[in-house]
file upload31.cif (mmCIF, C-alpha atoms)
data_data
loop_
_atom_site.label_atom_id
_atom_site.label_comp_id
_atom_site.auth_asym_id
_atom_site.auth_seq_id
_atom_site.Cartn_x
_atom_site.Cartn_y
_atom_site.Cartn_z
CA MET A 1 -17.08 17.56 27.38
CA ALA A 2 -14.79 16.39 30.17
CA LEU A 3 -15.18 12.72 31.11
CA GLY A 4 -14.21 10.53 34.04
CA PHE A 5 -11.54 11.76 36.38
CA LEU A 6 -11.20 15.02 34.43
CA ASP A 7 -14.80 16.10 35.05
CA ARG A 8 -15.47 19.05 37.33
CA SER A 9 -17.89 16.99 39.44
CA ARG A 10 -15.04 14.65 40.40
CA ILE A 11 -12.88 17.37 41.92
CA VAL A 12 -15.26 19.18 44.29
CA ALA A 13 -13.30 19.60 47.53
CA PRO A 14 -14.59 17.66 50.56
CA PRO A 15 -15.28 19.50 53.84
CA GLY A 16 -12.07 20.51 55.59
CA TRP A 17 -9.95 20.51 52.42
CA THR A 18 -7.46 23.39 52.59
CA ARG A 19 -7.63 26.02 49.88
CA TRP A 20 -3.87 26.58 50.16
CA LEU A 21 -3.25 23.49 48.03
CA VAL A 22 -4.75 25.23 45.00
CA PRO A 23 -1.93 27.80 44.48
CA PRO A 24 0.77 25.06 44.32
CA ALA A 25 -1.36 23.18 41.79
CA ALA A 26 -1.65 26.33 39.69
CA LEU A 27 2.06 27.05 40.08
CA SER A 28 3.07 23.67 38.69
CA VAL A 29 1.31 24.56 35.44
CA HIS A 30 2.31 28.22 35.32
CA LEU A 31 5.97 27.59 36.12
CA SER A 32 6.06 25.19 33.20
CA ILE A 33 4.30 27.25 30.56
CA GLY A 34 6.28 30.28 31.77
CA GLN A 35 9.20 28.78 29.84
CA ALA A 36 7.90 30.88 26.96
CA TYR A 37 9.65 33.86 28.50
CA ALA A 38 13.01 32.13 28.08
CA TRP A 39 12.59 31.91 24.30
CA SER A 40 15.33 34.50 23.74
CA VAL A 41 17.89 31.91 24.92
CA PHE A 42 17.04 29.84 21.82
CA LYS A 43 16.99 32.78 19.37
CA THR A 44 20.71 33.11 18.62
CA PRO A 45 21.39 29.33 18.45
CA LEU A 46 18.47 28.88 16.03
CA GLU A 47 19.59 31.85 13.94
CA LYS A 48 23.08 30.36 13.57
CA THR A 49 22.08 26.74 12.94
CA MET A 50 19.05 27.40 10.72
CA ASP A 51 20.20 30.61 8.97
CA LEU A 52 17.49 32.90 10.38
CA ASN A 53 17.35 36.61 11.12
CA GLY A 54 16.02 38.14 14.32
CA THR A 55 12.52 38.64 12.96
CA GLU A 56 12.28 35.04 11.75
CA SER A 57 13.60 33.53 14.97
CA SER A 58 10.91 35.36 16.92
CA LEU A 59 8.09 33.70 14.93
CA PRO A 60 7.60 30.66 17.24
CA PHE A 61 7.35 32.99 20.24
CA GLN A 62 5.03 35.41 18.48
CA LEU A 63 2.71 32.66 17.23
CA GLY A 64 2.75 31.12 20.71
CA ILE A 65 1.49 34.36 22.24
CA VAL A 66 -1.11 34.75 19.47
CA MET A 67 -2.38 31.23 20.09
CA LEU A 68 -2.31 31.87 23.83
CA GLY A 69 -4.76 34.72 23.45
CA LEU A 70 -6.96 32.96 20.89
CA SER A 71 -7.15 29.67 22.78
CA ALA A 72 -7.86 31.54 26.01
CA ALA A 73 -10.62 33.53 24.32
CA PHE A 74 -12.30 30.61 22.59
CA GLY A 75 -11.53 28.09 25.31
CA GLY A 76 -12.50 30.24 28.28
CA THR A 77 -16.09 29.02 28.28
CA LEU A 78 -14.94 25.38 28.08
CA VAL A 79 -12.57 25.93 30.98
CA GLU A 80 -15.41 27.34 33.08
CA LYS A 81 -17.69 24.47 32.10
CA ASN A 82 -15.32 21.49 32.34
CA GLY A 83 -13.24 22.72 35.25
CA PRO A 84 -9.55 23.28 36.00
CA ARG A 85 -8.44 19.62 35.94
CA TRP A 86 -9.64 19.19 32.36
CA ALA A 87 -7.99 22.47 31.37
CA MET A 88 -4.65 21.65 33.02
CA PHE A 89 -4.58 18.21 31.38
CA VAL A 90 -5.26 19.66 27.92
CA SER A 91 -2.60 22.30 28.54
CA MET A 92 -0.04 19.65 29.48
CA CYS A 93 -0.72 17.59 26.35
CA CYS A 94 -0.45 20.56 23.99
CA PHE A 95 2.54 22.23 25.64
CA ALA A 96 4.63 19.06 25.87
CA SER A 97 3.71 18.02 22.31
CA GLY A 98 4.84 21.41 21.06
CA PHE A 99 8.35 20.77 22.32
CA LEU A 100 8.48 17.29 20.81
CA ILE A 101 7.39 18.58 17.40
CA SER A 102 9.94 21.41 17.66
CA ALA A 103 12.67 18.87 18.41
CA LEU A 104 11.72 17.03 15.22
CA GLY A 105 11.76 20.28 13.28
CA VAL A 106 15.28 21.20 14.37
CA ALA A 107 16.58 17.65 13.84
CA THR A 108 15.23 17.61 10.27
CA GLY A 109 16.07 21.23 9.47
CA GLN A 110 12.40 22.20 9.06
CA PHE A 111 11.89 25.50 10.84
CA TRP A 112 8.18 25.51 10.02
CA LEU A 113 7.80 22.54 12.38
CA VAL A 114 9.34 24.61 15.16
CA VAL A 115 6.88 27.40 14.45
CA LEU A 116 3.96 24.95 14.31
CA GLY A 117 5.04 22.94 17.35
CA TYR A 118 6.26 25.57 19.79
CA GLY A 119 4.07 28.39 18.52
CA GLY A 120 0.90 26.72 17.25
CA ILE A 121 0.27 23.61 19.34
CA GLY A 122 2.36 24.73 22.29
CA GLY A 123 0.63 28.12 22.19
CA ILE A 124 -2.74 26.43 22.70
CA GLY A 125 -1.25 24.80 25.79
CA LEU A 126 -0.13 28.24 26.95
CA GLY A 127 -3.60 29.76 26.65
CA ILE A 128 -5.60 26.94 28.21
CA GLY A 129 -3.03 26.48 30.97
CA TYR A 130 -2.83 30.17 31.71
CA ILE A 131 -6.53 30.66 32.42
CA SER A 132 -7.11 27.21 33.92
CA PRO A 133 -6.74 28.20 37.61
CA VAL A 134 -7.86 31.85 37.54
CA SER A 135 -11.60 31.46 38.14
CA THR A 136 -10.97 28.68 40.66
CA LEU A 137 -8.50 30.79 42.64
CA ILE A 138 -10.87 33.76 42.78
CA LYS A 139 -13.61 31.48 44.11
CA TRP A 140 -11.27 29.99 46.73
CA PHE A 141 -9.94 33.42 47.75
CA PRO A 142 -12.80 35.95 47.49
CA ASP A 143 -11.22 37.79 50.41
CA ARG A 144 -7.85 38.29 48.64
CA PRO A 145 -8.32 37.94 44.87
CA GLY A 146 -5.29 40.01 43.89
CA MET A 147 -2.97 38.00 46.11
CA ALA A 148 -4.43 34.66 45.01
CA THR A 149 -4.12 35.26 41.28
CA GLY A 150 -0.72 36.85 41.88
CA ILE A 151 0.61 33.69 43.53
CA ALA A 152 -0.36 31.53 40.57
CA ILE A 153 0.36 33.92 37.75
CA MET A 154 3.76 34.80 39.19
CA GLY A 155 4.68 31.24 38.18
CA PHE A 156 4.23 32.17 34.52
CA GLY A 157 6.54 35.12 35.01
CA GLY A 158 9.07 33.05 36.94
CA GLY A 159 9.11 30.08 34.58
CA ALA A 160 12.04 31.53 32.68
CA LEU A 161 13.98 31.92 35.92
CA ILE A 162 14.27 28.15 35.86
CA ALA A 163 14.16 27.58 32.11
CA SER A 164 16.73 30.20 31.10
CA PRO A 165 19.80 28.80 32.92
CA TRP A 166 18.56 25.23 32.37
CA SER A 167 18.19 25.72 28.62
CA SER A 168 21.44 27.63 28.39
CA SER A 169 23.37 24.85 30.13
CA MET A 170 21.84 22.24 27.79
CA LEU A 171 22.74 24.25 24.70
CA GLY A 172 26.35 24.83 25.79
CA THR A 173 28.73 27.43 24.39
CA ALA A 174 28.56 26.20 20.78
CA PRO A 175 25.02 24.93 20.14
CA THR A 176 24.38 22.57 17.24
CA ALA A 177 21.15 21.33 15.69
CA GLY A 178 21.58 18.16 17.74
CA THR A 179 21.90 19.91 21.08
CA ILE A 180 18.95 22.22 20.33
CA ALA A 181 16.75 19.26 19.32
CA THR A 182 17.78 17.37 22.45
CA ALA A 183 16.98 20.38 24.62
CA PHE A 184 13.49 20.63 23.13
CA LEU A 185 12.92 16.90 23.62
CA VAL A 186 13.98 16.94 27.27
CA HIS A 187 11.90 20.03 27.95
CA GLY A 188 8.78 18.34 26.61
CA VAL A 189 9.19 15.22 28.76
CA VAL A 190 10.11 17.05 31.97
CA TYR A 191 7.33 19.63 31.68
CA ALA A 192 4.74 16.91 31.04
CA ALA A 193 5.72 15.23 34.31
CA PHE A 194 5.79 18.46 36.30
CA MET A 195 2.44 19.74 34.98
CA SER A 196 0.81 16.46 35.97
CA MET A 197 1.19 17.52 39.60
CA GLY A 198 -1.22 20.38 38.91
CA TRP A 199 -4.12 18.55 37.32
CA LEU A 200 -3.89 15.73 39.86
CA LEU A 201 -3.93 18.09 42.85
CA VAL A 202 -6.42 20.83 41.90
CA ARG A 203 -9.91 20.99 43.45
CA VAL A 204 -12.90 23.36 43.19
CA PRO A 205 -14.97 24.64 46.15
CA ALA A 206 -18.55 23.60 46.80
CA ASP A 207 -21.12 26.15 45.59
CA ASP A 208 -21.96 27.29 49.12
CA TRP A 209 -18.35 27.44 50.38
CA LYS A 210 -16.79 30.63 51.73
CA PRO A 211 -13.78 31.36 53.95
CA ALA A 212 -14.45 30.99 57.65
CA GLY A 213 -15.57 34.29 59.18
CA TRP A 214 -15.61 36.11 55.85
CA GLU A 215 -18.58 38.07 54.57
CA PRO A 216 -18.76 40.03 51.30
CA LYS A 217 -18.34 43.75 51.83
CA THR A 218 -20.36 46.33 49.99
CA ASP A 219 -17.31 48.52 49.43
CA HIS A 220 -13.66 47.76 50.16
CA GLY A 221 -12.06 50.63 48.28
CA ALA A 222 -10.74 48.48 45.44
CA ALA A 223 -13.92 47.20 43.81
CA MET A 224 -15.99 49.02 41.21
CA ILE A 225 -18.81 46.45 41.42
CA THR A 226 -19.44 44.51 44.60
CA THR A 227 -23.03 43.28 44.37
CA ALA A 228 -23.60 42.50 40.67
CA ASN A 229 -22.42 40.00 38.07
CA VAL A 230 -21.99 40.48 34.33
CA SER A 231 -21.94 37.62 31.82
CA ALA A 232 -19.12 37.16 29.35
CA ALA A 233 -21.51 37.92 26.49
CA ASN A 234 -22.49 41.23 28.08
CA ALA A 235 -19.00 42.11 29.27
CA ILE A 236 -17.66 42.46 25.75
CA LYS A 237 -20.45 44.95 25.03
CA THR A 238 -19.21 47.33 27.72
CA PRO A 239 -16.67 50.13 27.19
CA GLN A 240 -14.94 48.97 30.39
CA PHE A 241 -13.92 45.69 28.75
CA TRP A 242 -12.38 47.41 25.74
CA LEU A 243 -10.65 50.06 27.82
CA LEU A 244 -9.05 47.27 29.85
CA TRP A 245 -8.20 45.54 26.56
CA VAL A 246 -6.21 48.61 25.51
CA VAL A 247 -4.59 48.89 28.95
CA LEU A 248 -3.46 45.25 28.92
CA CYS A 249 -2.38 45.29 25.28
CA PHE A 250 -0.11 48.32 25.57
CA ASN A 251 1.30 47.38 28.97
CA VAL A 252 2.19 43.96 27.57
CA THR A 253 3.59 45.39 24.35
CA ALA A 254 5.96 47.61 26.31
CA GLY A 255 7.27 44.73 28.41
CA ILE A 256 7.29 41.88 25.93
CA GLY A 257 9.36 43.84 23.44
CA ILE A 258 12.26 43.79 25.90
CA LEU A 259 11.63 40.30 27.21
CA GLU A 260 11.49 38.52 23.84
CA LYS A 261 14.85 40.02 22.79
CA ALA A 262 16.43 40.43 26.22
CA SER A 263 19.49 38.24 25.63
CA PRO A 264 20.66 39.74 22.30
CA MET A 265 19.47 43.23 23.33
CA ILE A 266 21.81 43.62 26.30
CA VAL A 267 24.68 42.22 24.22
CA ASP A 268 24.00 44.75 21.44
CA PHE A 269 23.42 47.63 23.86
CA PHE A 270 26.87 47.40 25.48
CA LYS A 271 28.80 45.83 22.60
CA ASN A 272 30.92 48.90 21.88
CA THR A 273 31.63 49.79 25.51
CA SER A 274 34.56 48.92 27.75
CA THR A 275 32.40 46.36 29.55
CA PRO A 276 30.64 44.23 26.92
CA VAL A 277 28.16 41.57 27.97
CA GLY A 278 28.93 37.93 27.21
CA THR A 279 26.51 35.11 26.38
CA ALA A 280 26.44 33.71 29.91
CA ALA A 281 25.82 37.14 31.43
CA ALA A 282 23.06 37.77 28.88
CA ALA A 283 21.34 34.54 29.95
CA GLY A 284 21.68 35.76 33.53
CA PHE A 285 19.98 39.01 32.52
CA VAL A 286 17.06 37.02 31.10
CA ALA A 287 16.80 35.13 34.37
CA LEU A 288 16.95 38.38 36.35
CA LEU A 289 14.14 39.90 34.31
CA SER A 290 12.13 36.74 34.84
CA LEU A 291 12.63 37.05 38.59
CA CYS A 292 11.31 40.63 38.47
CA ASN A 293 8.45 39.53 36.23
CA MET A 294 7.60 36.81 38.75
CA LEU A 295 7.91 38.91 41.90
CA GLY A 296 6.02 41.80 40.32
CA ARG A 297 3.06 39.51 39.74
CA PHE A 298 2.76 38.75 43.43
CA VAL A 299 3.92 42.02 45.02
CA TRP A 300 2.00 44.46 42.81
CA SER A 301 -1.19 42.37 42.60
CA SER A 302 -1.21 41.95 46.38
CA THR A 303 -0.69 45.70 46.72
CA SER A 304 -3.72 46.24 44.49
CA ASP A 305 -5.91 44.63 47.18
CA LEU A 306 -4.94 47.61 49.36
CA VAL A 307 -4.74 50.56 46.95
CA GLY A 308 -7.20 49.50 44.25
CA ARG A 309 -6.71 48.21 40.71
CA LYS A 310 -7.04 51.57 38.98
CA ASN A 311 -4.32 53.13 41.12
CA ILE A 312 -1.91 50.25 40.58
CA TYR A 313 -2.34 50.49 36.81
CA ARG A 314 -1.55 54.18 37.01
CA THR A 315 1.80 53.10 38.41
CA TYR A 316 2.41 50.40 35.80
CA LEU A 317 1.70 52.71 32.88
CA GLY A 318 2.84 56.13 34.11
CA VAL A 319 6.06 55.14 35.87
CA GLY A 320 6.77 52.60 33.12
CA ALA A 321 6.76 55.39 30.51
CA VAL A 322 9.19 57.42 32.61
CA LEU A 323 11.55 54.45 32.96
CA TYR A 324 11.62 53.89 29.20
CA LEU A 325 12.46 57.56 28.79
CA VAL A 326 15.36 57.21 31.25
CA ILE A 327 16.79 54.27 29.26
CA ALA A 328 16.46 56.19 25.99
CA LEU A 329 18.16 59.29 27.38
CA THR A 330 21.04 57.56 29.16
CA ASP A 331 21.86 55.21 26.24
CA ASN A 332 24.66 52.82 27.27
CA SER A 333 26.39 55.22 29.65
CA SER A 334 25.30 53.22 32.68
CA LYS A 335 24.76 49.48 32.74
CA VAL A 336 23.26 49.79 36.23
CA VAL A 337 20.61 52.28 35.08
CA PHE A 338 19.69 50.09 32.10
CA ILE A 339 19.36 46.94 34.19
CA LEU A 340 17.43 48.60 37.03
CA CYS A 341 14.97 50.28 34.68
CA ALA A 342 14.44 47.03 32.77
CA MET A 343 13.88 45.18 36.06
CA VAL A 344 11.16 47.58 37.21
CA ILE A 345 9.50 47.69 33.77
CA LEU A 346 9.31 43.88 33.77
CA SER A 347 7.90 43.89 37.32
CA PHE A 348 5.13 46.21 36.07
CA TYR A 349 4.61 43.97 33.05
CA GLY A 350 4.13 40.95 35.29
CA GLY A 351 2.04 42.87 37.78
CA GLY A 352 -0.33 43.92 35.01
CA PHE A 353 -1.05 40.29 34.15
CA ALA A 354 -1.63 39.25 37.76
CA THR A 355 -3.83 42.22 38.61
CA VAL A 356 -6.16 42.08 35.63
CA PRO A 357 -8.23 39.06 36.81
CA ALA A 358 -9.03 40.90 40.06
CA TYR A 359 -9.78 44.09 38.05
CA LEU A 360 -12.23 42.05 35.98
CA LYS A 361 -13.77 40.59 39.12
CA ASP A 362 -14.24 44.10 40.51
CA LEU A 363 -15.96 45.24 37.33
CA PHE A 364 -17.90 42.16 36.25
CA GLY A 365 -18.22 39.95 39.35
CA THR A 366 -17.21 36.30 39.71
CA TYR A 367 -20.00 34.74 37.60
CA GLN A 368 -18.05 34.18 34.36
CA VAL A 369 -14.78 35.89 35.22
CA GLY A 370 -12.72 33.04 33.74
CA ALA A 371 -14.42 33.32 30.37
CA ILE A 372 -14.15 37.14 30.43
CA HIS A 373 -10.47 36.84 31.30
CA GLY A 374 -9.97 34.50 28.36
CA ARG A 375 -11.55 36.97 25.98
CA LEU A 376 -9.44 39.81 27.34
CA LEU A 377 -6.26 37.85 26.66
CA THR A 378 -6.74 38.48 22.95
CA ALA A 379 -4.99 41.74 23.88
CA TRP A 380 -1.97 39.60 24.75
CA SER A 381 -2.15 37.98 21.30
CA VAL A 382 -1.93 41.38 19.64
CA ALA A 383 0.82 42.53 21.98
CA GLY A 384 2.75 39.29 21.44
CA VAL A 385 3.06 40.19 17.77
CA LEU A 386 3.29 43.96 18.15
CA GLY A 387 6.04 44.15 20.80
CA PRO A 388 8.59 41.79 19.22
CA LEU A 389 7.73 43.07 15.74
CA ILE A 390 8.46 46.68 16.72
CA VAL A 391 11.74 45.85 18.45
CA ASN A 392 13.03 43.26 15.96
CA ARG A 393 12.05 45.06 12.76
CA ILE A 394 13.52 48.36 13.90
CA ALA A 395 16.70 46.68 15.18
CA ASP A 396 17.14 44.74 11.92
CA SER A 397 16.53 47.91 9.90
CA GLU A 398 18.96 50.00 11.95
CA LYS A 399 21.60 47.26 11.78
CA ALA A 400 21.22 47.13 7.99
CA ALA A 401 21.77 50.90 7.96
CA GLY A 402 25.12 50.40 9.73
CA LYS A 403 24.06 51.45 13.21
CA SER A 404 24.94 49.62 16.41
CA GLY A 405 24.60 49.80 20.19
CA PRO A 406 21.67 51.75 21.70
CA ALA A 407 20.86 53.22 18.27
CA LEU A 408 19.31 49.87 17.35
CA TYR A 409 16.61 50.31 19.99
CA GLU A 410 16.06 54.04 20.65
CA LEU A 411 13.12 54.42 18.26
CA SER A 412 11.48 51.31 19.74
CA PHE A 413 11.73 52.78 23.23
CA TYR A 414 10.03 56.02 22.20
CA ILE A 415 7.22 54.05 20.56
CA MET A 416 6.76 52.11 23.82
CA ILE A 417 6.52 55.39 25.74
CA GLY A 418 3.71 56.52 23.45
CA LEU A 419 1.82 53.26 23.88
CA LEU A 420 2.09 53.43 27.68
CA VAL A 421 0.70 56.96 27.66
CA VAL A 422 -2.29 55.80 25.60
CA GLY A 423 -2.80 52.94 28.08
CA PHE A 424 -2.66 55.38 30.99
CA VAL A 425 -5.45 57.48 29.45
CA ALA A 426 -7.57 54.36 28.82
CA ASN A 427 -7.24 53.33 32.47
CA GLU A 428 -8.36 56.81 33.57
CA LEU A 429 -11.55 56.39 31.54
CA VAL A 430 -12.66 53.19 33.33
CA ARG A 431 -15.91 53.68 35.26
CA PRO A 432 -18.36 51.32 37.03
CA VAL A 433 -20.39 49.10 34.68
CA LYS A 434 -23.91 50.34 34.02
CA GLU A 435 -26.78 48.44 35.59
CA LYS A 436 -28.29 47.45 32.23
CA PHE A 437 -25.41 44.96 31.75
CA HIS A 438 -25.91 43.27 35.15
CA GLU A 439 -27.20 39.71 35.46
CA PRO A 440 -30.43 39.18 37.40
CA VAL A 441 -29.47 38.30 40.97
CA ALA A 442 -31.02 34.81 40.80
CA SER A 443 -29.02 33.78 37.73
CA GLY A 444 -25.58 34.61 39.02
CA THR A 445 -25.18 31.40 40.98
CA ALA A 446 -27.57 29.13 39.18
CA ALA A 447 -26.06 29.74 35.79
CA ARG A 448 -22.47 29.22 36.86
CA SER A 449 -22.43 25.70 35.49
CA GLU A 450 -23.61 27.03 32.14
CA ALA A 451 -20.53 29.22 31.79
#
call {"tool": "encode", "arguments": {"input": "upload31.cif", "output": "structure tokens"}}
result
Amino acid sequence: MALGFLDRSRIVAPPGWTRWLVPPAALSVHLSIGQAYAWSVFKTPLEKTMDLNGTESSLPFQLGIVMLGLSAAFGGTLVEKNGPRWAMFVSMCCFASGFLISALGVATGQFWLVVLGYGGIGGIGLGIGYISPVSTLIKWFPDRPGMATGIAIMGFGGGALIASPWSSSMLGTAPTAGTIATAFLVHGVVYAAFMSMGWLLVRVPADDWKPAGWEPKTDHGAAMITTANVSAANAIKTPQFWLLWVVLCFNVTAGIGILEKASPMIVDFFKNTSTPVGTAAAAGFVALLSLCNMLGRFVWSSTSDLVGRKNIYRTYLGVGAVLYLVIALTDNSSKVVFILCAMVILSFYGGGFATVPAYLKDLFGTYQVGAIHGRLLTAWSVAGVLGPLIVNRIADSEKAAGKSGPALYELSFYIMIGLLVVGFVANELVRPVKEKFHEPVASGTAARSEA
């Protein structure tokens, strides 16, 4: 239970407090934990200094995503109960500690400490931090839920835009165990300070608050439920929850497979061409993908407020499959085609994350949307293992067979196409939630504190 200054009751906004201070608070946390998407910058240095292969060096990242989903699922109810300040503070402690433990692991040559620190403890910080502002933002912005969650969650996608060049500059051109350990140490200290801005600033609205002049509409073209709430316990009993689970899992798998291996992938892809990609340019590619990931979270989720969540997921999944096919068919004949397709795929990947809280709100109402969102993020845990595992295992296997260039990744791309098609079908099957799962009208508000 949250105590003292961390308690939800201590952060209820006074009259006249502007809701536009909540997105910056959320961004300070999401920009920090979004460093996870820059993990590929550390892969090659760790492989060289600790004698690892590509599959092994992805373990901290994979465990981090697994723990993100699990901590979000099991911690979602606590986040709803104790409030966003408590959640952001816990996230800061875990995420920063993960870096410090990883620094110790590299300095002592114990890779298991890197896996435990960055992946295990840091991953808990990822999960709690990720869901910490979602329910609060939806309550502050009932008139624009897609935009509001997009603003915050774009920070997670854009975290690597800052972390990738920063980490790369700290590692230098010839990283050693000492420089890697120092980089982890500095990251932990700096992120702890930056994340503190979030938990100090965040506030929650009073129970009877609503935007000036705004009234709930019975149908705005994007919602599939507008007058009912569904509890977290009931939500997981609905087919809609599990269809969205499949949609999120496969959309994430398709994007995270590229993102986790982005730096070595573009080097491998164009290694045997007349215009190979160097280490610095590869780090720039990671940053570029992070920019698309970040912008996609805001642009596509805001667009979903206009066109509806189901339609926007049709774009993510259907067009995403086509783009993967284009990359597979063109091989390394055009660097521009490869980069552009990867950019759009990563924008869809980010957009899927930012849109799903609003999709859940449309289906299940605002009652326990934070806890429902946390449970849905178990799909991310599965995808965090599945995507990198597919890409790394196949690439390692093809390399062992003497192949190089695009041949290392072609099979992975076709698997991603298949997964996106399955996700597209799952999205088509989503229908309004049946009335038997709805909460009684009187309990929707009264029970909020019990979430």
call {"tool": "resolve_selection", "arguments": {"input": "upload31.cif", "expression": "the PyMOL selection byres ((chain A and resi 181) around 9)", "output": "ChimeraX atom specification"}}
result
/A:100,102-107,176-180,182-186
call {"tool": "residues_around", "arguments": {"input": "upload31.cif", "residues": "region 58-68 of chain A", "least_positions_apart": "5", "cutoff": "8 Å", "atoms": "all atoms listed in the file", "output": "list of chain:residue names"}}
result
A:Ala36, A:Trp39, A:Lys43, A:Val114, A:Val115, A:Leu116, A:Tyr118, A:Gly119, A:Gly120, A:Gly122, A:Gly123, A:Ile124, A:Gly125, A:Leu126, A:Gly127, A:Ile128, A:Glu260, A:Leu377, A:Thr378, A:Trp380, A:Ser381, A:Val382, A:Gly384, A:Val385, A:Pro388
call {"tool": "write_last_selection", "arguments": {"input": "upload31.cif", "atoms": "C-alpha atoms", "output": "PDB file, in the frame of the given file"}}
result
ATOM      1  CA  ALA A  36       7.900  30.880  26.960  1.00  0.00           C
ATOM      2  CA  TRP A  39      12.590  31.910  24.300  1.00  0.00           C
ATOM      3  CA  LYS A  43      16.990  32.780  19.370  1.00  0.00           C
ATOM      4  CA  VAL A 114       9.340  24.610  15.160  1.00  0.00           C
ATOM      5  CA  VAL A 115       6.880  27.400  14.450  1.00  0.00           C
ATOM      6  CA  LEU A 116       3.960  24.950  14.310  1.00  0.00           C
ATOM      7  CA  TYR A 118       6.260  25.570  19.790  1.00  0.00           C
ATOM      8  CA  GLY A 119       4.070  28.390  18.520  1.00  0.00           C
ATOM      9  CA  GLY A 120       0.900  26.720  17.250  1.00  0.00           C
ATOM     10  CA  GLY A 122       2.360  24.730  22.290  1.00  0.00           C
ATOM     11  CA  GLY A 123       0.630  28.120  22.190  1.00  0.00           C
ATOM     12  CA  ILE A 124      -2.740  26.430  22.700  1.00  0.00           C
ATOM     13  CA  GLY A 125      -1.250  24.800  25.790  1.00  0.00           C
ATOM     14  CA  LEU A 126      -0.130  28.240  26.950  1.00  0.00           C
ATOM     15  CA  GLY A 127      -3.600  29.760  26.650  1.00  0.00           C
ATOM     16  CA  ILE A 128      -5.600  26.940  28.210  1.00  0.00           C
ATOM     17  CA  GLU A 260      11.490  38.520  23.840  1.00  0.00           C
ATOM     18  CA  LEU A 377      -6.260  37.850  26.660  1.00  0.00           C
ATOM     19  CA  THR A 378      -6.740  38.480  22.950  1.00  0.00           C
ATOM     20  CA  TRP A 380      -1.970  39.600  24.750  1.00  0.00           C
ATOM     21  CA  SER A 381      -2.150  37.980  21.300  1.00  0.00           C
ATOM     22  CA  VAL A 382      -1.930  41.380  19.640  1.00  0.00           C
ATOM     23  CA  GLY A 384       2.750  39.290  21.440  1.00  0.00           C
ATOM     24  CA  VAL A 385       3.060  40.190  17.770  1.00  0.00           C
ATOM     25  CA  PRO A 388       8.590  41.790  19.220  1.00  0.00           C
TER      26      PRO A 388
END
call {"tool": "resolve_selection", "arguments": {"input": "upload31.cif", "expression": "the PyMOL selection byres ((chain A and resi 343-351) around 7)", "output": "VMD selection string"}}
result
chain A and resid 157 251 to 252 255 289 292 to 297 300 to 301 316 320 339 to 342 352 to 355
call {"tool": "resolve_selection", "arguments": {"input": "upload31.cif", "expression": "the PyMOL selection byres ((chain A and resi 4-17) around 7)", "output": "list in words"}}
result
Ala2, Leu3, Thr18, Arg19, Asn82, Gly83, Arg85, Trp86, Arg203, Val204, Pro205 and Ala206 of chain A
call {"tool": "residues_around", "arguments": {"input": "upload31.cif", "residues": "region 412-426 of chain A", "least_positions_apart": "3", "cutoff": "10 Å", "atoms": "all atoms listed in the file", "output": "NGL selection string"}}
result
:A and (240 or 242-255 or 257-258 or 310 or 313-328 or 387-395 or 407-409 or 429-430)
call {"tool": "atom_distance", "arguments": {"input": "upload31.cif", "atom1": "CA of Ala163 (chain A)", "atom2": "CA of Met197 (chain A)"}}
result
18.0 Å
call {"tool": "closest_residue", "arguments": {"input": "upload31.cif", "among": "A:Ala283, A:Ala232, A:Val90, A:Ala25", "to": "Gly155 (chain A)", "atoms": "only C-alpha atoms"}}
result
A:Ala25
call {"tool": "axis_aligned_box", "arguments": {"input": "upload31.cif", "around": "region 311-320 of chain A", "padding_each_side": "4 Å", "output": "AutoDock Vina command-line options"}}
result
--center_x 1.2 --center_y 53.2 --center_z 37.0 --size_x 19.1 --size_y 13.9 --size_z 16.2
call {"tool": "residues_around", "arguments": {"input": "upload31.cif", "residues": "Val369 (chain A)", "least_positions_apart": "2", "cutoff": "9 Å", "atoms": "all atoms listed in the file", "output": "number ranges by chain"}}
result
A: 80, 134-135, 138, 230-232, 357, 360-361, 364-367, 371-374
call {"tool": "residues_around", "arguments": {"input": "upload31.cif", "residues": "Pro23 (chain A)", "least_positions_apart": "5", "cutoff": "8 Å", "atoms": "all atoms listed in the file", "output": "PyMOL selection string"}}
result
chain A and resi 137+148+151-152
call {"tool": "write_last_selection", "arguments": {"input": "upload31.cif", "atoms": "C-alpha atoms", "output": "compact mmCIF listing (two decimals), keeping the file's coordinate frame"}}
result
# COMPACT_ATOMS: atom_id res chain seq x y z
CA LEU A 137 -8.50 30.79 42.64
CA ALA A 148 -4.43 34.66 45.01
CA ILE A 151 0.61 33.69 43.53
CA ALA A 152 -0.36 31.53 40.57
call {"tool": "atom_distance", "arguments": {"input": "upload31.cif", "atom1": "CA of Ala160 (chain A)", "atom2": "CA of Glu410 (chain A)"}}
result
25.8 Å
call {"tool": "residues_around", "arguments": {"input": "upload31.cif", "residues": "Leu27 (chain A)", "least_positions_apart": "3", "cutoff": "10 Å", "atoms": "only C-alpha atoms", "output": "list in words"}}
result
Val22, Pro23, Pro24, His30, Leu31, Ser32, Ile33, Gly34, Pro133, Ile151, Ala152, Ile153, Met154, Gly155, Phe156, Gly158, Gly159, Met195, Met197 and Gly198 of chain A
call {"tool": "atom_distance", "arguments": {"input": "upload31.cif", "atom1": "CA of Leu78 (chain A)", "atom2": "CA of Phe141 (chain A)"}}
result
21.8 Å
